[in-house]
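Visitor: Take a look at the following structure, please.
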Amino acid sequence: MSQYNFKSIEQKWQAQWIKDDLYRVEEDESKPKFYSLDMFPYPSGAGLHVGHPLGYIASDIVSRYKRLNGHNVLHPMGYDAFGLPAEQYAIQTGQHPAITTEANVKRFREQLDRIGFSYDWTREVKTCEPKYYHWTQWIFSRLFEHYYNKDEHKAKSIQSLIDVFEREGNNAIHAHTSQEELFTADQWISFDERNKSDVLNRYRLAFVDETTVNWCEEMGTVLANEEVVNGLSERGGYPVIRKQMRQWSLRITAYADRLLEGLNTLDWTDSIKEIQRNWIGKSEGAEIEFKSTDGNLNFSVFTTRPDTVFGATFMVLAPEYEGLENLCSAEQKEEAVHYANAARNRSEIERMASTEKTGVYTGRSVINPFTNKEIPVWVSDYVLGGYGTGAIMAVPAHDDRDFEFARAFDLSIIPVVKPLQGELPEKLEEAFSAKEGIAINSAELNGMHVKEAVEKAIALIELKGIGSKKINYKLRDAGFGRQRYWGEPIPIIYNENGIPTLESNLPLELPKVESYKPAGTGQSPLAAVSDWVNTSKGTRETDTMPGWAGSSWYFLRYMDSNNSEGIASPEKLNYWNQVDLYLGGSEHATGHLLYSRFWTKFLHDIGIISWDEPFKKLVNQGMIGGEDGQKMSKRWGNVVNPDDICDAYGADTLRLYEMFLGPLTDSKPWNTQGIEGVSRFLAKFWRLFHQGEAFNIDEAAASKEELKILHKTIKKVSHDIENMSFNTSVSAFMVATNELGNLKCTKREILEPLLILLAPFAPHITEELWILCSKDSSVHTADWPMHEEHYLVESSFNYPISINGKTRTNMEFPLDADRADMEKEILANETVQKWMEGKSPKKVIIVPGRIVNVVI
RNA sequence: GCCCAGGUGGCGGAAUUGGUAGACGCGCAAGACUUAAAAUCUUGUUUCCAUUGGAAGUACGAGUUCGAUUCUCGUCCUGGGCACCA
C-alpha cells in the first residue's frame with residue numbers, strides 16, 4: 001500500500017479499538033487521574049455540523065495526550081436529552097419525544113464515531129432516562145429538605161431547623177429566608193399543619209412561591225430569565241409578559257456570595273467570570289427608613305449612595321409594592337392603583353420600548369430623616385419590585401433616572417455633591433452621577449469625598465436607628481417549574497390539606513399522555529392524566545423541571561453512571577473529583593455554568609462531595625462560521641456536514657484541519673478549500689514512511705540535525721498542548737515533516753517518536769504506521785517522548801546587527817564570544833561602517849543569543 | 001449607557017520574559033514532469049519606489065525604551081455580555 005488510503009485505515013482501526021475496549025477506563029489509584037469533559041449536546045434533529053466537533057476534538061487531543069503521559073483519563077460523552085424541540089415536534093406530529101430523541105441520539109452517535117473520539121461509551125448518560133433522572137429528582141428532594149444557615153455558611157436539614165423552632169422559635173436563627181414574622185417556641189408548637197408548612201416553605205432551598213414570572217402565552221409556559229431575550233422567548237421568538245404565578249423555585253440567592261467568591265479560585269476566562277459577576281450583581285450600600293409625620297407610613301429604601309440622602313427630594317415605589325392601594329390618599333388612590341395595575345401587566349417589550357418616565361403621585365408624603373423636610377411619595381415603573389425593597393429615595397441631582405423623573409413631573413432638584421474640580425452649573429442640565437466628588441448642602445458631611453461621606457452617612461443612619469449597612473444582589477431565585485411534558489416530573493404530592501410532601505418512591509416516571517399540548521391554563525399536559533395525578537397520598541405536582549436540571553450534575557454521573565444506590569459511589573466520586581478541563585461554548589455563562597456551581601456547592605454542603613466547585617478549568621471554544629461569513633445554519637444554506645469531510649478527506653484530516661483553522665477560542669470561518677493543506681500534509685507524512693510502494697524505515701543512527709528536528713518538535717508540541725494552542729502544534733508537525741522530508745530521513749529513531757506526538761491529533765494514520773513499524777500494541781498506549789535540551793543548544797548564533805534599531809546585516813558569533821571582541825568585529829564590519837557614516841557609536845548593545853544594536 | 005475581549009498581507013493566522021514582523025497553510029503567479037489532466041516537485045508572493053538597493057509598515061495619535069505587534073495614555077472600529085438593579 002503506497003497511497004495513503006484513509007478510508008480503509010480509519011474503518012479498520014475504529015472497529016479494532018471497539019473490539020479491544022481501548023478507551024474503557026476504570027479507577028486506578030496507581031495513576032494520577034485527569035477528568036476531561038465536553039459540554040454534552042442536546043440531540044437535535046439537524047445532526048452535527050463541522051462547528052460542533054471543534055471543542056470535542058480539542059478535548060480529545062488533551063485526553064489522549066494525558067493518557068500518553070501516564071494519566072488515568074475520564075473522558076465521557078452523553079446527551080442532554082430533555083428539551084423543547086422534541087416536545088414541539090411531538091405536539092405537531094403526535095410522535096412521542098422519547099422516540100424522536102432516541103433516533104437523534106443514534107444519528108449523533110454515528111457522526112461522533114466517525115471522527116475517532118476516545119470516549120468511554122460505557123459511561124454514557126441520557127438525562128431523559130429514569131435511571132438518570134431518578135437522581136435529578138433525588139437532588140431536588142434534598143433541596144426541599146434543606147435550608148441555608150448564614151452563620152455556618154452552608155445548607156442544613158429542615159429537621160434541624162424544626163428542632164430549633166420547637167426549642168426557641170425563629171428569633172435566634174440566622175437563615176436565608178423570606179420569613180419576616182418572628183415566633184416563639186410556644187407559638188410554633190401551636191401552629192397548625194398548614195401554617196407550619198407555609199413557614200418552612202419560606203426556608204426551604206426548593207420552595208413554592210407566588211412570584212412574578214416570565215409567561216409566554218404562545219408556548220403556554222413559564223420561562224427562566226435567560227430564556228428570555230429582549231422580551232421575546234429565546235426559542236421561537238414569542239412575546240413574553242410578566243405574570244403572577246405559583247411556582248417552584250430554587251433559593252440560589254442563598255449562595256450568591258459563595259458563587260461570587262468561588263470565581264476567584266477558578267481557571268476560567270475573565271470574560272465568563274465577569275459575566276457571572278455582573279449577573280450576581282453584588283452592590284453594597286445602606287437601607288434607610290423614611291416615615292410619615294403621623295408615623296402611619298414607613299418605607300425602607302436601599303441605596304448605594306447614602307451620602308446623597310440630603311438630596312432625596314421624593315420617594316418612588318414600584319408598581320408591585322405590597323400594600324400600595326392601602327397607603328394612597330383617597331383622592332389619588334384610583335389613579336395610582338390603575339397605573340400600577342397597568343404597569344404590572346405590560347409585556348417586557350412594551351416596558352423596554354418606553355423611554356419616557358411615567359408615574360403617579362400617591363397623595364402621601366414622608367419625612368427625609370436628614371433634612372426633616374416633607375417629600376412626596378410617587379409610584380413609577382422605573383422602580384423594580386424585585387430588587388432591594390421595591391422603594392427608592394430619589395436623588396434627582398445625582399441619578400440620571402431620578403433626574404428625568406423630576407424633570408417630567410417638576411419635582412425639586414437639590415445638588416449635594418460637587419465635582420472634585422470646578423463647580424456644578426447654576427442650573428443642572430443633567431444629573432451629576434460621577435462616583436467621585438465632594439459633599440455640599442449636607443450638614444456634617446460637607447467637604448467630604450464621596451467614599452468618606454458614604455461611611456459617615458451609614459454611621460449617622462445607624463446612630464439614628466433608622467437603618468444599617470446592607471448588601472443587595474441582582475441575582476434572583478431560579479424558577480424551577482415548567483408547564484411542559486418532556487422534562488423530569490417534580491416529585492411532590494400535595495396531601496389532603498394541600499401541603500407539599502416528597503414522593504418517596506423514586507424515580508417518579510413520566511407517564512404516557514394523550515396530547516403533548518400545554519393546556520394553556522398554566523398547567524402542563526400531565527394534569528390531564530388523572531390516574532397519575534391522583535394517588536392515595538394526594539395529588540401530584542404536574543409541573544416538570546427546566547432544561548438545566550439534568551445538566552446541573554451530569555458530570556458526577558459519568559463517574560458511576562449505572563449506580564442504583566446514589567448519584568455515584570463515594571469512592572468513585574472521591575477518585576475522579578473535580579473536572580480538570582471543561583470545554584464548551586460561552587453561551588452557558590449565566591445558565592448551566594452557574595446552576596452547576598450552585599448544585600455542586602449544595603452537594604458539598606450535604607456531604608455528598610468534598611469539593612465545592614465543579615469545573616477547575618473552563619475553556620470556551622469559538623464558533624465556526626459558514627464560508628460566507630454568516631452563522632452556519634440551515635437557513636443560510638452554508639452548513640458543512642462532518643460526514644462529508646470524512647468521506648472526502650478522512651477523519652484525521654478533519655481533526656487536524658479544525659485545529660489548524662486558528663486558536664481554539666477564536667471564532668473563525670470555515671474554508672473547505674483550505675483543508676487541502678492538511679490533507680497534503682498527511683499524505684506527505686505517510687510518504688516519510690514509504691519508499692515507492694513499500695513501507696520503509698531503517699535502523700541507522702540519526703544525525704544531529706535529525707535529532708534536533710525531533711526534539712524541537714517534542715518540545716513545541718508538548719508546550720502547545722499544555723497551552724491549548726493546537727493550531728501552532730499542527731504547523732510544527734508540518735515544519736518537521738518538511739524538514740525531515742528534505743533530509744530524506746527514514747530512521748526509526750526519529751519517526752517512531754514522531755508518530756506518538758501526532759497520535760492525539762491523528763489517531764488513525766499514526767496507529768496504522770505504528771503497527772507497520774512492527775509494534776504489537778497500540779500507539780495510544782505508548783509513552784510520550786521527553787525532549788532533551790542538549791539536542792537543541794547551538795554553539796553559535798547568527799546575530800541580526802541593527803543600527804539605531806533597524807536591522808542592516810547579520811553576523812555569526814559563538815554564544816560564549818567575548819563582548820569586547822564582538823564589539824570590535826562588529827564596528828569593523830563593512831555594512832556597519834557604511835551606516836555609521838564615519839560617526840562614532842554612542843553605545844553598542846549586545847544581548848547574547850538575541851540581537852546587537854549599535855546606537856549612533 | 002455600563003462591563004469584558006479583540007483589531008497584524010488577498011484569506012485563516014504566527015511571533016515563551018520588549019529583541020530580525022508576516023512562521024505554517026490557503027489563494028495567486030511562473031516553471032518542471034505529462035499527449036493532456038490529476039498528483040507531485042521547484043521558485044516567487046506585505047506595500048511603495050528602484051538598476052545595485054532603499055523607504056514605509058502590526059486600526060489611528062502620542063508616550064516610555066538602545067529597541068514596541070508586545071508596556072502606558074487617548075481616539076476610532078469590531079465582537080460578546082448586561083441593560084431603568086437605585
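Just so we're on the same page: first chain in the C-alpha cells is A, next is B, and so on; residues restart at 1 for each chain, and ligands are numbered from 1 in the order they show up.
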Considering only C-alpha atoms (C1' of nucleotides), give me a table of residues in chain B that are at most 8 Å from chain A, with the closest atom pair and distance in Å for each, as a tab-separated table.
Guide:
```
residue	atom	partner	partner_atom	distance
B:C3	C1'	A:Glu274	CA	7.8
B:C4	C1'	A:Ser271	CA	5.1
B:A5	C1'	A:Ser271	CA	7.0
B:G12	C1'	A:Leu661	CA	6.0
B:G13	C1'	A:Gly662	CA	6.1
B:A14	C1'	A:Thr728	CA	7.7
B:G19	C1'	A:Ile851	CA	5.8
B:U20	C1'	A:Pro800	CA	5.6
B:C24	C1'	A:Ser731	CA	4.7
B:G25	C1'	A:Gly677	CA	5.7
B:C26	C1'	A:Gly674	CA	4.8
B:C66	C1'	A:Val855	CA	6.1
B:G67	C1'	A:Gly805	CA	5.3
B:G81	C1'	A:Ile275	CA	6.1
B:C82	C1'	A:Asn278	CA	7.2
B:C84	C1'	A:Tyr382	CA	5.2
B:C85	C1'	A:Lys474	CA	5.9
B:A86	C1'	A:Thr303	CA	5.7
```
Visitor: Applying 12 Å and only C-alpha atoms (C1' of nucleotides), which residues near G61 of chain B remain after dropping the ones on its own chain fewer than 2 positions away? List them as a list in words.
Guide: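 Returned residues: A59, G63, C73, G74, U75 and C76 of chain B.
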Visitor: Of the candidates B:U52, B:U35, B:U46, B:U69, which one gets nearest to A15 of chain B if we count only C-alpha atoms (C1' of nucleotides)?
Guide: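 Of the candidates, the smallest distance to A15 of chain B is held by B:U69.
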Visitor: Show which residues sit within 7 Å of Ala336 of chain A, as JSON, numbers by chain. Count only C-alpha atoms (C1' of nucleotides), and ignore same-chain residues fewer than 6 positions away.
Guide: {"A": [360, 361, 362]}
Visitor: Kindly export the residues of the current selection with all heavy atoms, as a CSV table (one decimal), in the first residue's frame.
Guide:
```csv
chain,number,residue,atom,x,y,z
A,360,VAL,N,-47.3,58.2,39.0
A,360,VAL,CA,-48.5,58.8,39.6
A,360,VAL,C,-48.1,59.1,41.1
A,360,VAL,O,-47.5,58.3,41.7
A,360,VAL,CB,-49.7,57.9,39.5
A,360,VAL,CG1,-50.9,58.5,40.3
A,360,VAL,CG2,-50.1,57.7,38.1
A,361,TYR,N,-48.6,60.3,41.5
A,361,TYR,CA,-48.4,60.7,42.9
A,361,TYR,C,-49.4,59.9,43.8
A,361,TYR,O,-50.5,59.7,43.4
A,361,TYR,CB,-48.7,62.2,43.0
A,361,TYR,CG,-48.6,62.8,44.4
A,361,TYR,CD1,-47.6,62.5,45.3
A,361,TYR,CD2,-49.6,63.7,44.8
A,361,TYR,CE1,-47.5,63.0,46.5
A,361,TYR,CE2,-49.6,64.2,46.1
A,361,TYR,CZ,-48.5,63.9,47.0
A,361,TYR,OH,-48.4,64.4,48.2
A,362,THR,N,-48.9,59.4,44.9
A,362,THR,CA,-49.7,58.6,45.8
A,362,THR,C,-50.6,59.5,46.7
A,362,THR,O,-51.5,59.0,47.4
A,362,THR,CB,-48.9,57.7,46.7
A,362,THR,OG1,-48.1,58.5,47.5
A,362,THR,CG2,-48.1,56.7,45.9
```
Visitor: What are the DSSP strand (DSSP E or B) residues of segment 398-499 of chain A, as a list in words?
Guide: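 Filtering segment 398-499 of chain A to strand (DSSP E or B) leaves Val417, Lys418, Ile438, Ala439, His449, Gly467, Ser468, Lys469, Lys470, Ile471, Asn472, Tyr473, Ala478, Gly479, Arg482, Pro489, Ile492, Ile493 and Tyr494 of chain A.
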Visitor: Dump all heavy atoms for the selected residues as a CSV table (one decimal), in the first residue's frame?
Guide:
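See again.csv below for the written result:
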```csv
chain,number,residue,atom,x,y,z
A,417,VAL,N,-23.6,67.0,45.8
A,417,VAL,CA,-22.2,66.6,45.6
A,417,VAL,C,-21.7,67.5,44.4
A,417,VAL,O,-22.4,67.7,43.5
A,417,VAL,CB,-22.1,65.1,45.1
A,417,VAL,CG1,-20.6,64.8,44.9
A,417,VAL,CG2,-22.8,64.2,46.1
A,418,LYS,N,-20.5,68.1,44.6
A,418,LYS,CA,-19.9,68.8,43.5
A,418,LYS,C,-18.7,68.1,43.0
A,418,LYS,O,-18.1,67.3,43.7
A,418,LYS,CB,-19.6,70.2,44.0
A,418,LYS,CG,-18.5,70.3,45.0
A,418,LYS,CD,-18.1,71.8,45.2
A,418,LYS,CE,-16.8,71.8,46.0
A,418,LYS,NZ,-16.2,73.1,46.1
A,438,ILE,N,-17.3,65.9,46.0
A,438,ILE,CA,-17.2,66.5,47.4
A,438,ILE,C,-18.6,66.9,47.8
A,438,ILE,O,-19.4,67.5,47.1
A,438,ILE,CB,-16.3,67.7,47.4
A,438,ILE,CG1,-14.9,67.2,47.1
A,438,ILE,CG2,-16.3,68.4,48.8
A,438,ILE,CD1,-13.9,68.3,46.7
A,439,ALA,N,-19.0,66.4,49.0
A,439,ALA,CA,-20.4,66.7,49.5
A,439,ALA,C,-20.6,68.2,49.8
A,439,ALA,O,-19.7,68.9,50.3
A,439,ALA,CB,-20.6,65.9,50.8
A,449,HIS,N,-15.1,63.7,50.7
A,449,HIS,CA,-15.1,62.9,49.5
A,449,HIS,C,-16.2,61.8,49.5
A,449,HIS,O,-16.5,61.4,50.6
A,449,HIS,CB,-13.8,62.3,49.1
A,449,HIS,CG,-12.8,63.3,48.7
A,449,HIS,ND1,-12.2,63.2,47.5
A,449,HIS,CD2,-12.3,64.5,49.2
A,449,HIS,CE1,-11.4,64.3,47.3
A,449,HIS,NE2,-11.5,65.1,48.4
A,467,GLY,N,-31.7,52.6,60.2
A,467,GLY,CA,-31.2,51.7,59.1
A,467,GLY,C,-29.8,51.2,59.4
A,467,GLY,O,-29.3,51.4,60.4
A,468,SER,N,-29.3,50.6,58.4
A,468,SER,CA,-27.9,50.0,58.5
A,468,SER,C,-27.3,49.7,57.2
A,468,SER,O,-28.0,49.8,56.1
A,468,SER,CB,-28.0,48.7,59.3
A,468,SER,OG,-28.9,47.8,58.6
A,469,LYS,N,-26.1,49.3,57.2
A,469,LYS,CA,-25.3,48.8,56.1
A,469,LYS,C,-26.0,47.6,55.5
A,469,LYS,O,-26.6,46.8,56.2
A,469,LYS,CB,-23.9,48.4,56.5
A,469,LYS,CG,-22.9,48.4,55.4
A,469,LYS,CD,-21.5,48.3,56.1
A,469,LYS,CE,-20.4,48.6,55.1
A,469,LYS,NZ,-19.2,49.0,55.7
A,470,LYS,N,-26.0,47.5,54.1
A,470,LYS,CA,-26.8,46.5,53.5
A,470,LYS,C,-26.2,46.1,52.2
A,470,LYS,O,-25.6,46.9,51.5
A,470,LYS,CB,-28.2,47.0,53.3
A,470,LYS,CG,-29.1,46.1,52.5
A,470,LYS,CD,-29.9,45.1,53.4
A,470,LYS,CE,-30.7,44.2,52.5
A,470,LYS,NZ,-31.3,43.1,53.3
A,471,ILE,N,-26.2,44.8,51.9
A,471,ILE,CA,-25.7,44.3,50.6
A,471,ILE,C,-26.9,43.7,49.8
A,471,ILE,O,-27.7,43.0,50.3
A,471,ILE,CB,-24.6,43.2,50.8
A,471,ILE,CG1,-23.4,43.9,51.4
A,471,ILE,CG2,-24.3,42.6,49.5
A,471,ILE,CD1,-22.4,42.9,51.9
A,472,ASN,N,-27.0,44.1,48.5
A,472,ASN,CA,-28.0,43.6,47.7
A,472,ASN,C,-27.4,42.9,46.5
A,472,ASN,O,-26.3,43.2,46.0
A,472,ASN,CB,-28.9,44.7,47.2
A,472,ASN,CG,-30.2,44.7,47.9
A,472,ASN,OD1,-30.9,43.7,48.1
A,472,ASN,ND2,-30.6,45.9,48.4
A,473,TYR,N,-28.2,41.9,45.9
A,473,TYR,CA,-27.7,41.2,44.7
A,473,TYR,C,-28.8,41.3,43.6
A,473,TYR,O,-30.0,41.3,43.9
A,473,TYR,CB,-27.5,39.7,45.1
A,473,TYR,CG,-26.5,39.5,46.1
A,473,TYR,CD1,-26.8,39.4,47.4
A,473,TYR,CD2,-25.1,39.3,45.7
A,473,TYR,CE1,-25.8,39.2,48.4
A,473,TYR,CE2,-24.1,39.1,46.6
A,473,TYR,CZ,-24.5,39.1,48.0
A,473,TYR,OH,-23.5,38.9,48.9
A,478,ALA,N,-34.2,31.0,41.3
A,478,ALA,CA,-34.4,30.4,40.0
A,478,ALA,C,-35.7,29.7,39.9
A,478,ALA,O,-36.0,28.8,40.7
A,478,ALA,CB,-33.2,29.4,39.7
A,479,GLY,N,-36.6,30.1,39.0
A,479,GLY,CA,-37.8,29.4,38.7
A,479,GLY,C,-37.6,28.0,38.3
A,479,GLY,O,-36.7,27.7,37.4
A,482,ARG,N,-41.9,24.0,35.0
A,482,ARG,CA,-42.2,24.3,33.6
A,482,ARG,C,-43.5,23.6,33.3
A,482,ARG,O,-43.7,22.4,33.7
A,482,ARG,CB,-41.2,23.8,32.6
A,482,ARG,CG,-39.8,24.5,32.8
A,482,ARG,CD,-39.9,25.9,32.2
A,482,ARG,NE,-38.5,26.5,32.3
A,482,ARG,CZ,-38.0,27.1,33.4
A,482,ARG,NH1,-38.8,27.1,34.5
A,482,ARG,NH2,-36.8,27.6,33.4
A,489,PRO,N,-40.5,14.9,36.0
A,489,PRO,CA,-41.6,15.3,36.9
A,489,PRO,C,-41.0,15.7,38.3
A,489,PRO,O,-40.1,15.2,38.8
A,489,PRO,CB,-42.4,14.0,37.1
A,489,PRO,CG,-42.0,13.1,35.9
A,489,PRO,CD,-40.6,13.5,35.6
A,492,ILE,N,-43.4,15.7,43.9
A,492,ILE,CA,-44.1,16.3,45.0
A,492,ILE,C,-45.6,15.9,45.0
A,492,ILE,O,-46.2,15.8,43.9
A,492,ILE,CB,-44.0,17.9,45.0
A,492,ILE,CG1,-42.6,18.4,45.3
A,492,ILE,CG2,-45.1,18.5,45.8
A,492,ILE,CD1,-42.3,18.4,46.8
A,493,ILE,N,-46.1,15.5,46.2
A,493,ILE,CA,-47.5,15.2,46.3
A,493,ILE,C,-48.1,16.2,47.3
A,493,ILE,O,-47.5,16.4,48.4
A,493,ILE,CB,-47.7,13.7,46.8
A,493,ILE,CG1,-47.1,12.8,45.8
A,493,ILE,CG2,-49.2,13.5,47.0
A,493,ILE,CD1,-47.2,11.3,46.2
A,494,TYR,N,-49.3,16.8,46.9
A,494,TYR,CA,-50.0,17.6,47.9
A,494,TYR,C,-51.0,16.8,48.6
A,494,TYR,O,-51.8,16.1,48.0
A,494,TYR,CB,-50.7,18.8,47.1
A,494,TYR,CG,-49.7,19.6,46.3
A,494,TYR,CD1,-49.4,19.4,45.0
A,494,TYR,CD2,-49.1,20.7,47.0
A,494,TYR,CE1,-48.5,20.1,44.3
A,494,TYR,CE2,-48.1,21.5,46.3
A,494,TYR,CZ,-47.9,21.2,44.9
A,494,TYR,OH,-47.0,22.0,44.2
```
Visitor: Please, what distance in Å, to one decimal, runs between atom CA of Phe403 of chain A and atom CA of Val416 of chain A?
Guide: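 Between these atoms lies a distance of 13.5 Å.
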Visitor: Can you pull out the residues contacting Ile61 of chain A? Cut-off 8 Å, using only C-alpha atoms (C1' of nucleotides), and skip same-chain residues under 2 positions away; I want them as a PyMOL selection string.
Guide: chain A and resi 57-59+63-65+721+760-761
Visitor: Would you list the contacts of segment 527-529 of chain A as number ranges by chain, taking every protein, DNA or RNA residue within 9 Å and counting only C-alpha atoms (C1' of nucleotides), but skipping same-chain residues closer than 6 positions in sequence?
Guide: A: 511-515, 519, 540-543
Visitor: Go ahead and write the residues just picked, C-alpha atoms, as an mmCIF file, in the first residue's frame.
Guide:
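What ended up in out-v4.cif:
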```cif
data_model
loop_
_atom_site.group_PDB
_atom_site.id
_atom_site.type_symbol
_atom_site.label_atom_id
_atom_site.label_comp_id
_atom_site.auth_asym_id
_atom_site.auth_seq_id
_atom_site.Cartn_x
_atom_site.Cartn_y
_atom_site.Cartn_z
ATOM 1 C CA PRO A 511 -46.480 8.882 32.388
ATOM 2 C CA LYS A 512 -47.854 8.484 28.877
ATOM 3 C CA VAL A 513 -50.197 11.254 27.742
ATOM 4 C CA GLU A 514 -52.806 11.610 25.022
ATOM 5 C CA SER A 515 -51.717 15.072 23.999
ATOM 6 C CA ALA A 519 -53.417 23.202 28.456
ATOM 7 C CA ARG A 540 -49.200 15.182 42.277
ATOM 8 C CA GLU A 541 -47.424 18.323 41.176
ATOM 9 C CA THR A 542 -47.851 18.413 37.402
ATOM 10 C CA ASP A 543 -45.030 20.829 36.547
#
```
Visitor: Could you name the residues that touch Ser292 of chain A at 6 Å or less, counting only C-alpha atoms (C1' of nucleotides), but leaving out those on the same chain fewer than 5 positions away, as an MDAnalysis selection string?
Guide: chainID A and resid 297 366:367
